[in-house]
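Undergrad: File data_18.tsv below, TSV, C-alpha atoms:
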```tsv
chain	number	residue	atom	x	y	z
A	1	MET	CA	17.36	-15.00	29.66
A	2	GLU	CA	14.54	-15.45	27.17
A	3	LEU	CA	15.42	-15.31	23.48
A	4	PRO	CA	12.38	-14.99	21.23
A	5	LEU	CA	12.09	-17.58	18.51
A	6	THR	CA	9.42	-16.53	16.01
A	7	PRO	CA	8.74	-17.17	12.32
A	8	LEU	CA	10.09	-13.66	11.73
A	9	ASP	CA	13.53	-14.82	12.84
A	10	PHE	CA	13.47	-17.67	10.32
A	11	GLY	CA	12.48	-15.25	7.57
A	12	ARG	CA	15.30	-12.85	8.43
A	13	ARG	CA	17.73	-15.77	8.40
A	14	ALA	CA	16.53	-16.94	4.97
A	15	ARG	CA	16.90	-13.39	3.65
A	16	ARG	CA	20.42	-13.08	5.03
A	17	LEU	CA	21.70	-16.50	3.90
A	18	TYR	CA	19.71	-17.12	0.70
A	19	GLY	CA	18.65	-13.64	-0.42
A	20	HIS	CA	19.72	-14.19	-4.02
A	21	ARG	CA	17.90	-17.53	-4.36
A	22	GLU	CA	14.37	-17.98	-5.60
A	23	GLY	CA	12.15	-18.08	-2.54
A	24	VAL	CA	8.53	-17.61	-3.61
A	25	VAL	CA	6.62	-18.78	-6.67
A	26	ASP	CA	3.01	-17.77	-7.30
A	27	GLY	CA	1.89	-18.84	-10.76
A	28	ASP	CA	4.09	-16.99	-13.25
A	29	GLN	CA	5.42	-14.64	-10.58
A	30	ARG	CA	8.73	-15.39	-8.91
A	31	TRP	CA	10.74	-13.59	-6.24
A	32	THR	CA	14.07	-14.16	-4.59
A	33	PHE	CA	14.08	-14.20	-0.79
A	34	GLU	CA	15.43	-10.64	-0.85
A	35	GLN	CA	12.68	-9.44	-3.21
A	36	PHE	CA	10.00	-11.22	-1.21
A	37	PHE	CA	11.09	-9.77	2.14
A	38	ASP	CA	11.46	-6.33	0.57
A	39	ARG	CA	7.78	-6.61	-0.38
A	40	CYS	CA	6.98	-7.64	3.20
A	41	ASP	CA	8.86	-4.61	4.53
A	42	ARG	CA	7.05	-2.29	2.11
A	43	TRP	CA	3.70	-3.70	3.22
A	44	SER	CA	4.69	-3.16	6.85
A	45	SER	CA	5.54	0.44	5.95
A	46	SER	CA	2.21	0.82	4.14
A	47	LEU	CA	0.31	-0.50	7.15
A	48	ARG	CA	2.18	1.91	9.42
A	49	ALA	CA	1.18	4.77	7.10
A	50	LEU	CA	-2.45	3.67	7.58
A	51	GLY	CA	-2.00	3.98	11.33
A	52	VAL	CA	-1.70	0.26	12.08
A	53	GLY	CA	0.38	-0.50	15.15
A	54	ARG	CA	0.98	-2.91	17.99
A	55	GLY	CA	-2.08	-5.01	18.77
A	56	ASP	CA	-4.16	-3.90	15.78
A	57	ARG	CA	-5.84	-6.74	13.91
A	58	VAL	CA	-5.31	-7.10	10.14
A	59	ALA	CA	-7.65	-9.65	8.56
A	60	TYR	CA	-7.08	-11.52	5.29
A	61	LEU	CA	-9.66	-13.14	3.09
A	62	ALA	CA	-7.63	-14.81	0.35
A	63	PRO	CA	-6.49	-18.16	-0.98
A	64	ASN	CA	-2.80	-19.10	-0.70
A	65	THR	CA	-1.25	-16.30	-2.75
A	66	HIS	CA	2.00	-14.38	-2.39
A	67	ALA	CA	0.08	-11.44	-0.88
A	68	LYS	CA	-1.29	-13.65	1.87
A	69	LEU	CA	2.16	-15.14	2.51
A	70	GLU	CA	3.60	-11.61	2.73
A	71	ALA	CA	1.06	-10.89	5.48
A	72	PHE	CA	2.51	-13.61	7.71
A	73	TYR	CA	5.70	-11.53	7.95
A	74	ALA	CA	4.57	-7.95	7.30
A	75	VAL	CA	1.76	-7.82	9.87
A	76	PRO	CA	3.52	-9.29	12.94
A	77	GLN	CA	6.81	-7.47	12.37
A	78	ILE	CA	5.08	-4.19	13.23
A	79	GLY	CA	3.47	-5.72	16.31
A	80	ALA	CA	0.04	-6.10	14.69
A	81	VAL	CA	-1.94	-9.35	14.75
A	82	LEU	CA	-2.79	-11.31	11.60
A	83	VAL	CA	-6.31	-12.73	11.28
A	84	PRO	CA	-6.40	-15.19	8.34
A	85	ILE	CA	-10.00	-16.09	7.53
A	86	ASN	CA	-11.18	-19.28	5.85
A	87	TYR	CA	-12.50	-17.96	2.55
A	88	ARG	CA	-14.86	-20.95	2.21
A	89	LEU	CA	-17.10	-19.56	4.95
A	90	LEU	CA	-20.24	-17.49	4.35
A	91	PRO	CA	-20.39	-13.67	4.43
A	92	GLN	CA	-22.19	-13.75	7.80
A	93	ASP	CA	-19.24	-15.76	9.18
A	94	PHE	CA	-16.83	-13.18	7.72
A	95	GLU	CA	-18.83	-10.47	9.48
A	96	TYR	CA	-18.75	-12.32	12.79
A	97	ILE	CA	-15.00	-13.02	12.66
A	98	LEU	CA	-14.11	-9.50	11.55
A	99	ASN	CA	-16.13	-7.96	14.36
A	100	HIS	CA	-15.17	-10.56	16.98
A	101	SER	CA	-11.44	-10.25	16.24
A	102	GLY	CA	-11.56	-6.46	16.30
A	103	ALA	CA	-10.11	-6.16	12.80
A	104	THR	CA	-9.24	-2.61	11.78
A	105	VAL	CA	-7.99	-3.56	8.31
A	106	VAL	CA	-9.49	-6.09	5.89
A	107	CYS	CA	-7.44	-7.34	2.96
A	108	ALA	CA	-9.35	-9.32	0.35
A	109	HIS	CA	-8.54	-11.15	-2.84
A	110	SER	CA	-10.61	-10.13	-5.88
A	111	ASP	CA	-12.81	-13.22	-5.45
A	112	PHE	CA	-14.06	-11.89	-2.08
A	113	ILE	CA	-14.29	-8.13	-2.54
A	114	ALA	CA	-18.00	-8.30	-3.41
A	115	ALA	CA	-18.75	-10.46	-0.34
A	116	VAL	CA	-16.96	-8.01	1.95
A	117	GLN	CA	-18.57	-5.05	0.21
A	118	GLY	CA	-21.97	-6.63	0.96
A	119	ILE	CA	-21.27	-6.65	4.72
A	120	ARG	CA	-19.16	-3.49	4.87
A	121	SER	CA	-21.85	-1.45	6.63
A	122	GLN	CA	-21.88	-4.05	9.43
A	123	LEU	CA	-18.15	-3.66	10.13
A	124	PRO	CA	-17.95	-0.51	12.26
A	125	GLY	CA	-14.40	-1.17	13.53
A	126	VAL	CA	-12.80	-1.60	10.13
A	127	ARG	CA	-11.00	1.57	9.06
A	128	HIS	CA	-9.36	0.35	5.84
A	129	PHE	CA	-10.25	-2.08	3.07
A	130	VAL	CA	-7.42	-3.35	0.86
A	131	ALA	CA	-7.86	-5.08	-2.50
A	132	LEU	CA	-5.04	-7.60	-2.83
A	133	GLU	CA	-6.02	-8.09	-6.46
A	134	GLY	CA	-8.78	-6.39	-8.39
A	135	THR	CA	-10.47	-3.19	-7.30
A	136	GLY	CA	-13.44	-1.93	-5.39
A	137	ALA	CA	-14.93	1.47	-4.67
A	138	GLY	CA	-13.23	2.82	-1.57
A	139	TRP	CA	-10.62	0.05	-1.53
A	140	ILE	CA	-6.84	0.57	-1.32
A	141	ASP	CA	-4.86	-1.07	-4.13
A	142	TYR	CA	-2.30	-3.39	-2.53
A	143	GLU	CA	0.35	-3.22	-5.26
A	144	LYS	CA	0.11	0.58	-5.46
A	145	ALA	CA	0.51	0.80	-1.70
A	146	LEU	CA	3.66	-1.34	-1.91
A	147	THR	CA	5.24	0.88	-4.55
A	148	ALA	CA	4.24	4.06	-2.70
A	149	HIS	CA	6.15	3.14	0.47
A	150	GLY	CA	9.77	2.32	1.17
A	151	PRO	CA	11.00	-0.67	3.15
A	152	ASP	CA	11.64	1.28	6.37
A	153	PHE	CA	8.82	0.55	8.77
A	154	GLY	CA	10.33	1.12	12.20
A	155	SER	CA	10.67	-2.35	13.66
A	156	VAL	CA	9.29	-3.21	17.08
A	157	GLU	CA	10.51	-5.72	19.63
A	158	ILE	CA	8.60	-8.99	19.30
A	159	ALA	CA	8.69	-11.38	22.24
A	160	GLU	CA	8.23	-15.11	21.90
A	161	ASN	CA	4.92	-14.98	23.78
A	162	ASP	CA	3.44	-12.09	21.80
A	163	VAL	CA	0.32	-12.86	19.80
A	164	LEU	CA	1.19	-12.97	16.09
A	165	ALA	CA	-2.08	-14.34	14.74
A	166	ILE	CA	-5.64	-15.24	15.64
A	167	ASN	CA	-6.80	-18.35	13.81
A	168	TYR	CA	-10.50	-19.17	13.71
A	169	THR	CA	-12.20	-22.54	13.47
A	170	SER	CA	-14.78	-23.06	10.76
A	171	GLY	CA	-17.61	-23.00	13.26
A	172	THR	CA	-19.16	-26.36	12.39
A	173	THR	CA	-20.85	-26.75	15.79
A	174	ALA	CA	-21.41	-23.07	16.63
A	175	ARG	CA	-19.84	-19.70	15.90
A	176	PRO	CA	-16.17	-19.80	14.80
A	177	LYS	CA	-13.76	-19.71	17.71
A	178	GLY	CA	-10.52	-17.76	17.70
A	179	VAL	CA	-7.22	-19.15	18.93
A	180	MET	CA	-4.31	-16.82	19.61
A	181	ALA	CA	-1.02	-18.00	18.21
```
How does the structure come out when it is put into structure tokens?

TA:
Amino acid sequence: MELPLTPLDFGRRARRLYGHREGVVDGDQRWTFEQFFDRCDRWSSSLRALGVGRGDRVAYLAPNTHAKLEAFYAVPQIGAVLVPINYRLLPQDFEYILNHSGATVVCAHSDFIAAVQGIRSQLPGVRHFVALEGTGAGWIDYEKALTAHGPDFGSVEIAENDVLAINYTSGTTARPKGVMA
């Protein structure tokens, strides 16, 4: 018998055992484990409403913020694949990784919206652009999406060998290379 052991299981355990305790701090913002995982569930529900499902790639261009941390739970728990991108790369590297990974959703911090906007026409597979902070023409507001959707997202079975993320190298010797995790 194979019992999956994924980061999602550890998150669910923390929520169950320590839900009332402070779990995430991002600057002046603080959430208990319960509040944090509720946000994750709402983002999963929001992604589902956008048509994201098993195997779809959801890319993130952001520093270490609560929104990026939420992605590490929200994206895989609906069977989608997280693609965190090194924000220190150049826009042409962003373009390559987004196209190579098959990203259908791009989520960007306000510091990177302009860079993504500059390559947007070269991203034919991307259906949705999400502003984690800030705004952009034609971009979905992350916080508004969270409040517009409930925490019910319709969970899917995740096996231990399922791909949860594709991590890319920085491409110092050639194009960035993706590693499935």

Undergrad: Considering all atoms listed in the file, can you say which of A:Glu95, A:Asn64, A:Thr147, A:Leu50 comes closest to A:Asp38?

TA: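 The closest residue to A:Asp38 is A:Thr147.
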
Undergrad: What does the structure give for the distance between atom CA of A:Ala165 and atom CA of A:Ser121, in Å to one decimal?

TA: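 Atom CA of A:Ser121 lies at a distance of 25.0 Å from atom CA of A:Ala165.
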
Undergrad: Would you mind listing what lies within 10 Å of A:Ala14 as a ChimeraX atom specification, with only C-alpha atoms counted and same-chain residues fewer than 4 positions away left out?

TA: /A:8-10,18-21,23,33-34,37

Undergrad: Using all atoms listed in the file, which residues sit within 9 Å of A:Gly136 once same-chain residues fewer than 5 positions away are excluded, as a list in words?

TA: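 Counting all atoms listed in the file, the residues come to Ser110, Ile113, Ala114, Gln117, Val130, Ala131 and Asp141 of chain A.
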
Undergrad: Kindly give the distance, in Å, that separates atom CA of A:Tyr142 and atom CA of A:Leu5, rounded to a single decimal.

TA: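 Computing it gives 29.2 Å between the two atoms.
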
Undergrad: Would you list the residues near (-8.3, -16.8, 9.4), meaning any protein, DNA or RNA residue with an atom at most 9 Å from that point in file coordinates, counting all atoms listed in the file, as number ranges by chain?

TA: A: 59-61, 82-87, 97, 165-169, 178

Undergrad: Take the structure in the block and write a file for stretch 154-177 of chain A, N, CA, C and O atoms, as a PDB file, in the first residue's frame.

TA:
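out-v8.pdb, freshly written:
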```pdb
ATOM      1  N   GLY A 154     -13.280  21.627  -4.234  1.00  0.00           N
ATOM      2  CA  GLY A 154     -13.381  20.296  -4.817  1.00  0.00           C
ATOM      3  C   GLY A 154     -12.031  19.618  -4.874  1.00  0.00           C
ATOM      4  O   GLY A 154     -11.382  19.611  -5.912  1.00  0.00           O
ATOM      5  N   SER A 155     -11.595  19.062  -3.769  1.00  0.00           N
ATOM      6  CA  SER A 155     -10.257  18.491  -3.695  1.00  0.00           C
ATOM      7  C   SER A 155     -10.091  17.326  -4.663  1.00  0.00           C
ATOM      8  O   SER A 155     -11.058  16.684  -5.062  1.00  0.00           O
ATOM      9  N   VAL A 156      -8.867  17.087  -5.029  1.00  0.00           N
ATOM     10  CA  VAL A 156      -8.516  15.974  -5.910  1.00  0.00           C
ATOM     11  C   VAL A 156      -7.517  15.089  -5.171  1.00  0.00           C
ATOM     12  O   VAL A 156      -6.826  15.532  -4.259  1.00  0.00           O
ATOM     13  N   GLU A 157      -7.452  13.852  -5.582  1.00  0.00           N
ATOM     14  CA  GLU A 157      -6.500  12.911  -4.989  1.00  0.00           C
ATOM     15  C   GLU A 157      -5.097  13.245  -5.495  1.00  0.00           C
ATOM     16  O   GLU A 157      -4.873  13.339  -6.700  1.00  0.00           O
ATOM     17  N   ILE A 158      -4.171  13.429  -4.581  1.00  0.00           N
ATOM     18  CA  ILE A 158      -2.780  13.721  -4.929  1.00  0.00           C
ATOM     19  C   ILE A 158      -1.933  12.535  -4.492  1.00  0.00           C
ATOM     20  O   ILE A 158      -1.922  12.168  -3.314  1.00  0.00           O
ATOM     21  N   ALA A 159      -1.236  11.950  -5.423  1.00  0.00           N
ATOM     22  CA  ALA A 159      -0.354  10.821  -5.120  1.00  0.00           C
ATOM     23  C   ALA A 159       1.055  11.338  -4.823  1.00  0.00           C
ATOM     24  O   ALA A 159       1.441  12.427  -5.263  1.00  0.00           O
ATOM     25  N   GLU A 160       1.801  10.536  -4.106  1.00  0.00           N
ATOM     26  CA  GLU A 160       3.152  10.942  -3.715  1.00  0.00           C
ATOM     27  C   GLU A 160       4.051  11.226  -4.913  1.00  0.00           C
ATOM     28  O   GLU A 160       4.934  12.065  -4.858  1.00  0.00           O
ATOM     29  N   ASN A 161       3.825  10.565  -6.029  1.00  0.00           N
ATOM     30  CA  ASN A 161       4.672  10.754  -7.205  1.00  0.00           C
ATOM     31  C   ASN A 161       4.118  11.764  -8.195  1.00  0.00           C
ATOM     32  O   ASN A 161       4.688  11.925  -9.281  1.00  0.00           O
ATOM     33  N   ASP A 162       3.028  12.419  -7.877  1.00  0.00           N
ATOM     34  CA  ASP A 162       2.491  13.463  -8.754  1.00  0.00           C
ATOM     35  C   ASP A 162       3.432  14.659  -8.770  1.00  0.00           C
ATOM     36  O   ASP A 162       4.085  14.966  -7.762  1.00  0.00           O
ATOM     37  N   VAL A 163       3.479  15.335  -9.889  1.00  0.00           N
ATOM     38  CA  VAL A 163       4.301  16.549  -9.992  1.00  0.00           C
ATOM     39  C   VAL A 163       3.551  17.690  -9.305  1.00  0.00           C
ATOM     40  O   VAL A 163       2.403  17.981  -9.633  1.00  0.00           O
ATOM     41  N   LEU A 164       4.200  18.322  -8.333  1.00  0.00           N
ATOM     42  CA  LEU A 164       3.609  19.451  -7.622  1.00  0.00           C
ATOM     43  C   LEU A 164       4.180  20.770  -8.107  1.00  0.00           C
ATOM     44  O   LEU A 164       3.527  21.805  -8.012  1.00  0.00           O
ATOM     45  N   ALA A 165       5.426  20.735  -8.598  1.00  0.00           N
ATOM     46  CA  ALA A 165       6.089  21.971  -9.009  1.00  0.00           C
ATOM     47  C   ALA A 165       7.126  21.671 -10.088  1.00  0.00           C
ATOM     48  O   ALA A 165       7.626  20.549 -10.195  1.00  0.00           O
ATOM     49  N   ILE A 166       7.405  22.696 -10.880  1.00  0.00           N
ATOM     50  CA  ILE A 166       8.525  22.649 -11.815  1.00  0.00           C
ATOM     51  C   ILE A 166       9.433  23.813 -11.438  1.00  0.00           C
ATOM     52  O   ILE A 166       9.038  24.980 -11.529  1.00  0.00           O
ATOM     53  N   ASN A 167      10.627  23.477 -10.991  1.00  0.00           N
ATOM     54  CA  ASN A 167      11.601  24.486 -10.581  1.00  0.00           C
ATOM     55  C   ASN A 167      12.649  24.621 -11.677  1.00  0.00           C
ATOM     56  O   ASN A 167      13.161  23.616 -12.176  1.00  0.00           O
ATOM     57  N   TYR A 168      12.962  25.861 -12.014  1.00  0.00           N
ATOM     58  CA  TYR A 168      13.920  26.132 -13.086  1.00  0.00           C
ATOM     59  C   TYR A 168      15.241  26.635 -12.526  1.00  0.00           C
ATOM     60  O   TYR A 168      15.276  27.392 -11.558  1.00  0.00           O
ATOM     61  N   THR A 169      16.331  26.227 -13.183  1.00  0.00           N
ATOM     62  CA  THR A 169      17.648  26.761 -12.863  1.00  0.00           C
ATOM     63  C   THR A 169      17.707  28.204 -13.354  1.00  0.00           C
ATOM     64  O   THR A 169      16.814  28.665 -14.056  1.00  0.00           O
ATOM     65  N   SER A 170      18.759  28.879 -13.020  1.00  0.00           N
ATOM     66  CA  SER A 170      18.909  30.263 -13.469  1.00  0.00           C
ATOM     67  C   SER A 170      19.481  30.366 -14.873  1.00  0.00           C
ATOM     68  O   SER A 170      19.604  31.452 -15.410  1.00  0.00           O
ATOM     69  N   GLY A 171      19.888  29.279 -15.456  1.00  0.00           N
ATOM     70  CA  GLY A 171      20.358  29.292 -16.832  1.00  0.00           C
ATOM     71  C   GLY A 171      21.708  29.952 -17.026  1.00  0.00           C
ATOM     72  O   GLY A 171      21.931  30.617 -18.031  1.00  0.00           O
ATOM     73  N   THR A 172      22.632  29.750 -16.102  1.00  0.00           N
ATOM     74  CA  THR A 172      23.931  30.417 -16.208  1.00  0.00           C
ATOM     75  C   THR A 172      24.774  29.904 -17.368  1.00  0.00           C
ATOM     76  O   THR A 172      25.599  30.630 -17.901  1.00  0.00           O
ATOM     77  N   THR A 173      24.586  28.638 -17.776  1.00  0.00           N
ATOM     78  CA  THR A 173      25.393  28.095 -18.870  1.00  0.00           C
ATOM     79  C   THR A 173      24.586  27.947 -20.160  1.00  0.00           C
ATOM     80  O   THR A 173      25.145  27.653 -21.195  1.00  0.00           O
ATOM     81  N   ALA A 174      23.317  28.092 -20.101  1.00  0.00           N
ATOM     82  CA  ALA A 174      22.436  27.973 -21.268  1.00  0.00           C
ATOM     83  C   ALA A 174      21.034  28.402 -20.836  1.00  0.00           C
ATOM     84  O   ALA A 174      20.892  29.103 -19.828  1.00  0.00           O
ATOM     85  N   ARG A 175      20.032  27.967 -21.551  1.00  0.00           N
ATOM     86  CA  ARG A 175      18.656  28.264 -21.173  1.00  0.00           C
ATOM     87  C   ARG A 175      18.354  27.628 -19.814  1.00  0.00           C
ATOM     88  O   ARG A 175      18.923  26.579 -19.460  1.00  0.00           O
ATOM     89  N   PRO A 176      17.448  28.251 -19.022  1.00  0.00           N
ATOM     90  CA  PRO A 176      17.043  27.612 -17.760  1.00  0.00           C
ATOM     91  C   PRO A 176      16.481  26.218 -18.007  1.00  0.00           C
ATOM     92  O   PRO A 176      15.856  25.965 -19.042  1.00  0.00           O
ATOM     93  N   LYS A 177      16.738  25.336 -17.069  1.00  0.00           N
ATOM     94  CA  LYS A 177      16.254  23.957 -17.185  1.00  0.00           C
ATOM     95  C   LYS A 177      15.254  23.679 -16.077  1.00  0.00           C
ATOM     96  O   LYS A 177      15.462  24.052 -14.931  1.00  0.00           O
TER      97      LYS A 177
END
```
